[in-house]
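S.K.: Got a structure for you, upload-v9.cif, holding mmCIF, C-alpha atoms.
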data_final
loop_
_atom_site.label_atom_id
_atom_site.label_comp_id
_atom_site.auth_asym_id
_atom_site.auth_seq_id
_atom_site.Cartn_x
_atom_site.Cartn_y
_atom_site.Cartn_z
CA LYS P 34 -94.28 197.94 -176.99
CA LEU P 35 -91.86 199.67 -179.33
CA ALA P 36 -88.60 197.68 -179.33
CA LEU P 37 -85.53 199.91 -179.56
CA PRO P 38 -81.77 199.20 -179.64
CA SER P 39 -79.53 200.95 -177.13
CA GLY P 40 -76.21 199.94 -178.66
CA CYS P 41 -75.19 198.48 -175.31
CA SER P 42 -73.06 195.37 -175.07
CA CYS P 43 -73.16 192.85 -172.20
CA PRO P 44 -70.47 192.13 -169.57
CA ASN P 45 -71.17 188.44 -170.12
CA ARG P 46 -70.13 188.79 -173.78
CA ASP P 47 -67.50 191.52 -174.00
CA GLY P 48 -64.96 189.76 -171.77
CA THR P 49 -65.67 191.64 -168.54
CA LEU P 50 -67.25 188.51 -167.03
CA ASP P 51 -67.13 186.11 -169.97
CA THR P 52 -67.22 186.05 -173.75
CA ARG P 53 -69.82 183.29 -174.15
CA GLY P 54 -72.97 184.98 -172.83
CA CYS P 55 -75.77 183.00 -171.22
CA ILE P 56 -76.09 179.60 -172.91
CA PHE P 57 -79.65 180.23 -174.12
CA CYS P 58 -78.75 183.53 -175.84
CA ASP P 59 -78.32 183.33 -179.61
CA GLY P 60 -76.70 186.75 -179.88
CA ALA P 61 -79.07 187.80 -182.67
CA GLY P 62 -78.79 191.49 -183.48
CA ALA P 63 -75.87 191.80 -181.09
CA PHE P 64 -75.18 195.35 -180.00
CA ALA P 65 -77.21 197.05 -182.72
CA GLU P 66 -76.41 200.73 -183.00
CA ALA P 67 -78.92 202.97 -181.26
CA GLY P 68 -79.01 205.28 -184.27
CA ASP P 69 -81.81 207.83 -184.66
CA ILE P 70 -84.28 207.12 -181.85
CA PRO P 71 -87.18 209.19 -183.36
CA ALA P 72 -86.78 207.23 -186.62
CA GLN P 73 -86.60 203.96 -184.69
CA LEU P 74 -89.79 204.88 -182.83
CA ALA P 75 -91.56 205.70 -186.09
CA ALA P 76 -90.52 202.37 -187.64
CA ALA P 77 -91.60 200.48 -184.51
CA ARG P 78 -95.01 202.20 -184.56
CA GLN P 79 -95.47 201.00 -188.14
CA ARG P 80 -94.66 197.43 -187.13
CA VAL P 81 -97.40 197.36 -184.50
CA ALA P 82 -99.90 199.65 -186.26
CA ALA P 83 -102.32 196.85 -187.19
CA LYS P 84 -102.91 195.83 -183.57
CA ALA P 85 -102.32 199.15 -181.84
CA GLY P 86 -105.13 201.17 -183.40
CA GLN P 87 -105.70 204.90 -183.43
CA GLY P 88 -104.78 206.93 -180.38
CA ALA P 89 -102.58 204.14 -178.99
CA LYS P 90 -100.13 204.71 -176.16
CA TYR P 91 -96.78 202.96 -176.26
CA ILE P 92 -94.01 201.53 -174.12
CA ALA P 93 -90.51 202.44 -175.32
CA TYR P 94 -88.78 199.11 -174.73
CA PHE P 95 -85.01 198.72 -174.69
CA GLN P 96 -85.01 194.93 -174.81
CA SER P 97 -81.90 193.26 -176.23
CA PHE P 98 -78.79 192.74 -174.14
CA THR P 99 -77.85 194.91 -171.12
CA ASN P 100 -79.36 198.34 -171.59
CA THR P 101 -77.76 200.02 -168.58
CA TYR P 102 -74.28 198.80 -169.53
CA GLY P 103 -73.02 202.04 -171.01
CA ALA P 104 -71.93 205.58 -170.28
CA PRO P 105 -74.60 207.42 -168.24
CA ALA P 106 -74.45 210.45 -170.59
CA HIS P 107 -75.11 208.23 -173.63
CA LEU P 108 -77.98 206.45 -171.89
CA ARG P 109 -79.47 209.73 -170.73
CA ARG P 110 -79.68 210.97 -174.33
CA LEU P 111 -81.26 207.73 -175.52
CA PHE P 112 -83.82 207.37 -172.76
CA GLN P 113 -84.82 211.04 -172.69
CA THR P 114 -85.33 211.04 -176.47
CA ALA P 115 -87.39 207.84 -176.27
CA ILE P 116 -89.88 209.29 -173.75
CA GLU P 117 -90.26 212.72 -175.35
CA PRO P 118 -93.20 211.79 -177.66
CA GLU P 119 -96.61 212.30 -176.09
CA ASP P 120 -97.79 208.84 -177.15
CA VAL P 121 -94.95 207.12 -175.24
CA ALA P 122 -96.38 206.44 -171.79
CA ILE P 123 -93.74 204.19 -170.21
CA LEU P 124 -90.00 203.54 -170.51
CA SER P 125 -89.05 199.85 -170.06
CA ILE P 126 -85.38 198.88 -169.75
CA ALA P 127 -84.11 195.30 -169.72
CA THR P 128 -80.80 194.81 -167.92
CA ARG P 129 -78.73 192.75 -165.50
CA PRO P 130 -78.74 193.37 -161.72
CA ASP P 131 -74.94 193.72 -161.74
CA CYS P 132 -75.12 196.70 -164.14
CA LEU P 133 -76.95 199.20 -161.95
CA GLY P 134 -74.36 201.52 -160.45
CA PRO P 135 -75.20 204.71 -158.47
CA GLU P 136 -75.12 207.02 -161.53
CA ILE P 137 -77.44 204.74 -163.48
CA LEU P 138 -79.88 204.46 -160.57
CA GLU P 139 -79.90 208.24 -160.18
CA LEU P 140 -80.65 208.61 -163.91
CA LEU P 141 -83.49 206.06 -163.79
CA ALA P 142 -85.01 207.71 -160.71
CA GLU P 143 -84.85 211.09 -162.46
CA LEU P 144 -86.57 209.74 -165.58
CA ASN P 145 -89.17 208.04 -163.41
CA ARG P 146 -90.27 211.47 -162.20
CA VAL P 147 -91.06 212.37 -165.83
CA LYS P 148 -92.74 209.13 -166.95
CA PRO P 149 -92.98 205.68 -165.33
CA VAL P 150 -89.83 203.58 -165.69
CA TRP P 151 -89.89 199.79 -165.54
CA VAL P 152 -86.61 197.98 -164.97
CA GLU P 153 -86.65 194.38 -166.22
CA LEU P 154 -84.13 192.06 -164.55
CA GLY P 155 -83.14 188.72 -166.09
CA LEU P 156 -83.02 186.50 -163.02
CA GLN P 157 -84.21 183.26 -164.74
CA THR P 158 -83.74 181.10 -161.59
CA ILE P 159 -82.91 181.41 -157.89
CA HIS P 160 -80.85 178.21 -157.92
CA GLU P 161 -77.08 178.72 -157.99
CA LYS P 162 -76.32 175.38 -159.65
CA THR P 163 -78.58 176.33 -162.56
CA ALA P 164 -77.17 179.87 -162.68
CA GLU P 165 -73.69 178.39 -163.07
CA ARG P 166 -74.96 175.91 -165.65
CA ILE P 167 -76.39 178.71 -167.82
CA HIS P 168 -73.38 181.05 -167.29
CA ARG P 169 -75.56 183.78 -165.76
CA GLY P 170 -72.52 185.41 -164.18
CA TYR P 171 -73.86 186.64 -160.84
CA ARG P 172 -75.18 185.17 -157.59
CA LEU P 173 -78.65 185.59 -156.11
CA GLU P 174 -77.50 188.15 -153.53
CA VAL P 175 -76.53 190.48 -156.40
CA PHE P 176 -80.13 190.37 -157.62
CA GLU P 177 -81.43 190.94 -154.08
CA ASP P 178 -79.21 193.99 -153.61
CA ALA P 179 -80.18 195.46 -156.99
CA TYR P 180 -83.88 194.87 -156.31
CA ARG P 181 -83.65 196.61 -152.93
CA ARG P 182 -81.85 199.64 -154.40
CA LEU P 183 -84.29 199.91 -157.32
CA LYS P 184 -87.27 199.89 -154.97
CA GLU P 185 -85.63 202.45 -152.68
CA ALA P 186 -85.29 204.65 -155.78
CA GLY P 187 -89.03 204.30 -156.44
CA LEU P 188 -88.77 202.19 -159.61
CA THR P 189 -91.04 199.42 -160.88
CA VAL P 190 -89.23 196.08 -161.19
CA VAL P 191 -90.24 193.26 -163.55
CA VAL P 192 -88.36 189.96 -163.25
CA HIS P 193 -87.77 187.41 -166.02
CA VAL P 194 -87.98 183.68 -165.23
CA ILE P 195 -87.18 180.85 -167.68
CA LEU P 196 -89.13 177.64 -167.13
CA GLY P 197 -87.58 174.39 -168.33
CA LEU P 198 -83.90 175.18 -167.84
CA PRO P 199 -81.79 172.01 -168.14
CA GLY P 200 -81.50 170.05 -164.90
CA GLU P 201 -84.24 171.91 -163.04
CA THR P 202 -87.17 170.01 -161.58
CA LYS P 203 -90.73 171.31 -161.49
CA GLU P 204 -90.33 171.86 -157.75
CA GLU P 205 -87.23 174.01 -158.30
CA MET P 206 -88.99 176.11 -160.94
CA LEU P 207 -91.88 176.67 -158.53
CA GLU P 208 -89.43 177.64 -155.79
CA THR P 209 -88.21 180.50 -158.03
CA VAL P 210 -91.78 181.66 -158.68
CA ASP P 211 -92.71 181.37 -154.98
CA TYR P 212 -89.61 183.35 -154.00
CA LEU P 213 -90.58 186.22 -156.31
CA GLY P 214 -94.20 186.07 -155.13
CA LYS P 215 -93.12 186.42 -151.51
CA ILE P 216 -90.97 189.52 -152.09
CA PRO P 217 -93.36 190.41 -153.88
CA VAL P 218 -91.96 191.77 -157.13
CA ASP P 219 -93.98 194.32 -159.10
CA GLY P 220 -94.14 192.15 -162.19
CA ILE P 221 -93.00 188.83 -163.59
CA LYS P 222 -92.41 187.38 -167.05
CA LEU P 223 -92.70 183.61 -167.35
CA GLN P 224 -90.86 182.32 -170.39
CA LEU P 225 -90.51 178.82 -171.82
CA LEU P 226 -86.95 177.75 -172.59
CA HIS P 227 -86.32 177.92 -176.34
CA ILE P 228 -83.38 176.21 -178.04
CA LEU P 229 -82.26 178.71 -180.68
CA LYS P 230 -79.76 178.29 -183.49
CA GLY P 231 -76.51 180.06 -182.73
CA SER P 232 -76.71 179.60 -178.95
CA GLN P 233 -74.35 177.48 -176.86
CA MET P 234 -77.37 175.48 -175.75
CA ALA P 235 -78.14 174.59 -179.37
CA ALA P 236 -74.65 173.15 -179.78
CA GLU P 237 -75.03 171.17 -176.54
CA TYR P 238 -78.48 169.95 -177.56
CA GLU P 239 -77.21 168.78 -180.95
CA LYS P 240 -74.36 166.87 -179.31
CA ASN P 241 -76.30 165.44 -176.35
CA PRO P 242 -80.07 165.98 -176.75
CA PHE P 243 -81.97 166.51 -173.51
CA SER P 244 -85.71 166.43 -172.94
CA LEU P 245 -87.70 169.61 -173.60
CA MET P 246 -91.04 170.46 -172.05
CA GLU P 247 -94.15 169.15 -173.78
CA LEU P 248 -97.11 171.48 -174.32
CA GLU P 249 -99.39 169.95 -171.66
CA GLU P 250 -96.51 169.79 -169.16
CA TYR P 251 -95.78 173.47 -169.69
CA LEU P 252 -99.44 174.46 -169.44
CA ASP P 253 -99.88 172.59 -166.14
CA LEU P 254 -96.79 174.33 -164.80
CA ILE P 255 -98.07 177.75 -165.89
CA LEU P 256 -101.44 177.13 -164.21
CA THR P 257 -99.65 176.20 -160.99
CA CYS P 258 -97.44 179.32 -161.17
CA VAL P 259 -100.43 181.61 -161.71
CA ALA P 260 -102.40 179.97 -158.89
CA ARG P 261 -99.48 180.57 -156.50
CA LEU P 262 -98.63 184.15 -157.48
CA PRO P 263 -100.29 186.86 -155.36
CA GLN P 264 -102.66 189.16 -157.22
CA SER P 265 -100.41 192.12 -156.44
CA VAL P 266 -97.83 190.77 -158.93
CA VAL P 267 -98.54 191.82 -162.51
CA ILE P 268 -97.96 188.90 -164.88
CA HIS P 269 -96.50 190.38 -168.06
CA ARG P 270 -95.91 187.14 -169.95
CA LEU P 271 -97.05 183.51 -169.83
CA SER P 272 -95.24 182.06 -172.81
CA GLY P 273 -92.81 183.67 -175.23
CA ASP P 274 -91.86 183.82 -178.89
CA GLY P 275 -88.64 182.41 -180.27
CA ALA P 276 -87.87 183.49 -183.83
CA LYS P 277 -89.30 180.68 -185.98
CA ALA P 278 -86.31 180.73 -188.32
CA LEU P 279 -84.00 180.10 -185.35
CA LEU P 280 -86.17 177.77 -183.27
CA ILE P 281 -84.86 174.23 -182.78
CA GLY P 282 -87.33 173.30 -180.05
CA PRO P 283 -89.80 172.82 -178.57
CA ALA P 284 -91.49 172.87 -182.00
CA TRP P 285 -94.98 173.34 -180.54
CA SER P 286 -94.00 176.72 -179.09
CA ALA P 287 -93.94 178.22 -182.60
CA ASN P 288 -97.75 177.92 -182.77
CA LYS P 289 -98.59 180.86 -180.50
CA LYS P 290 -102.33 180.75 -181.23
CA LEU P 291 -102.53 177.06 -180.28
CA VAL P 292 -100.57 177.65 -177.06
CA LEU P 293 -102.66 180.61 -175.90
CA ASN P 294 -106.00 179.01 -176.82
CA ARG P 295 -105.12 175.78 -175.04
CA MET P 296 -103.86 177.74 -172.03
CA MET P 297 -107.10 179.72 -171.70
CA GLN P 298 -109.09 176.51 -172.08
CA LYS P 299 -107.17 174.87 -169.23
CA PHE P 300 -107.62 177.91 -166.99
CA ARG P 301 -111.39 177.64 -167.50
CA GLU P 302 -111.54 173.85 -167.13
CA ASN P 303 -109.57 173.92 -163.87
CA GLY P 304 -111.13 177.06 -162.42
CA ILE P 305 -107.66 178.53 -161.95
CA PHE P 306 -107.15 182.24 -161.34
CA GLN P 307 -104.22 184.23 -160.01
CA GLY P 308 -103.60 183.67 -156.31
CA CYS P 309 -106.19 180.93 -155.89
CA GLN P 310 -103.51 178.41 -154.72
CA ARG P 311 -105.49 175.64 -156.44
CA ALA P 312 -103.49 172.93 -158.26
CA PRO P 313 -104.61 171.96 -161.78
CA ARG P 314 -106.37 168.62 -162.05
CA GLY P 315 -104.70 165.66 -163.72
#
Could you rewrite the structure in this file as structure tokens?
M.R.:
Amino acid sequence: KLALPSGCSCPNRDGTLDTRGCIFCDGAGAFAEAGDIPAQLAAARQRVAAKAGQGAKYIAYFQSFTNTYGAPAHLRRLFQTAIEPEDVAILSIATRPDCLGPEILELLAELNRVKPVWVELGLQTIHEKTAERIHRGYRLEVFEDAYRRLKEAGLTVVVHVILGLPGETKEEMLETVDYLGKIPVDGIKLQLLHILKGSQMAAEYEKNPFSLMELEEYLDLILTCVARLPQSVVIHRLSGDGAKALLIGPAWSANKKLVLNRMMQKFRENGIFQGCQRAPRG
């Protein structure tokens, strides 16, 4: 993936809905200027060169903030430029379900006829009490409407889920995963909650610390999620990386190698594979 800035803001930060953003968002790199997309692509290729190898194909990934929250003409220029290189195989756009108006959907459908377009929606949870707690700024029916319209337009939809949000039980987290598996969505990203410096959640945590997921607890939850997700759903992520310089907790999540090795070990020990519906032991 080649991470690119779109220069887009977010309605949850610019005052349209709120000025605070979601409570887990640290605002790092807020609204970076899109700048010269070919130069940005070249710099991003250099960053991943060691693991990409010769002849690699890439995903142009507009990741930070709400990348359909802008003028359609501006977004058209950005997205078209990003997919022009032959080695860019896919365009991936992270956004909110309440920022997908008719003009934007028409643009995405048009681009999808040139190269595959993935639209990544930050749902995080299906539970309204949690959505209010994290200042998400929209209700579940907004997501459902956006998902329906994206699929009618022929687009691939990947949904983000955060595991370990404050106040949510394991059963509630699994209800979110089960809901997305029943739709079923095209893809899912499972992300551990990180407390990052500069976020509202960091300030709350410092004032009134709450329990964070332990490694083994998270791994058991991930195994259960994978066992319950149908094999038609592509799992794009099983953990996540918070910037180490900003990470307050959980501290163990900074050791990515440890997390992934232990995760694979537990999959093997428990005989868990996607869609098997088998609960992990112990």
S.K.: In Å, rounded to a single decimal, give me how far CA of Ala85 (chain P) is from CA of Leu248 (chain P).
M.R.: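 Calculated distance between CA of Leu248 (chain P) and CA of Ala85 (chain P) is 29.1 Å.
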S.K.: Determine, counting all atoms listed in the file, which protein, DNA and RNA residues have an atom within 7 Å of an atom of Ala142 (chain P); residues of the same chain fewer than 3 positions away are not included. Present the result as a list in words.
M.R.: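 Here the qualifying residues turn out to be Leu138, Glu139, Asn145, Arg146, Ala186, Gly187 and Leu188 of chain P.
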S.K.: Within 8 Å of Ile123 (chain P), counting only C-alpha atoms, which residues show up once you throw out same-chain ones fewer than 2 positions away? Write them as number ranges by chain, please.
M.R.: P: 91-93, 116, 121, 125, 148-151
S.K.: Rank nothing, just name the residue among P:Arg166, P:Tyr94, P:Arg129, P:His107 nearest to Pro44 (chain P), using only C-alpha atoms.
M.R.: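 Distance minimum relative to Pro44 (chain P) lands on P:Arg129.
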S.K.: Quick one: residues within 10 Å of Gln264 (chain P), only C-alpha atoms, excluding same-chain residues fewer than 6 positions away - as a list in words?
M.R.: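 Surrounding residues, per the criterion: Gly214, Pro217, Phe306, Gln307, Gly308 and Cys309 of chain P.
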S.K.: Ranking P:Tyr180, P:Val147, P:Ser232, P:Asp120 by minimum distance to Gly88 (chain P) and counting all atoms listed in the file, which one comes first?
M.R.: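 Of all the options, P:Asp120 lies closest to Gly88 (chain P).
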S.K.: Hey, can I get the axis-aligned box for region 49-59 of chain P? All listed atoms, 8 Å padding on each side, centre and edge lengths in Å to one decimal, as AutoDock Vina command-line options.
M.R.:
--center_x -72.7 --center_y 185.6 --center_z -173.3 --size_x 30.0 --size_y 28.0 --size_z 28.6
S.K.: Translate the PyMOL selection byres ((chain P and resi 210) around 9) into a concrete residue list for this structure, as a list in words.
M.R.: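 Taken over the shown coordinates, the PyMOL selection byres ((chain P and resi 210) around 9) returns Thr158, Ile159, Val194, Glu205, Met206, Leu207, Glu208, Thr209, Asp211, Tyr212, Leu213, Gly214, Lys215, Ile221, Leu223, Cys258, Arg261 and Leu262 of chain P.
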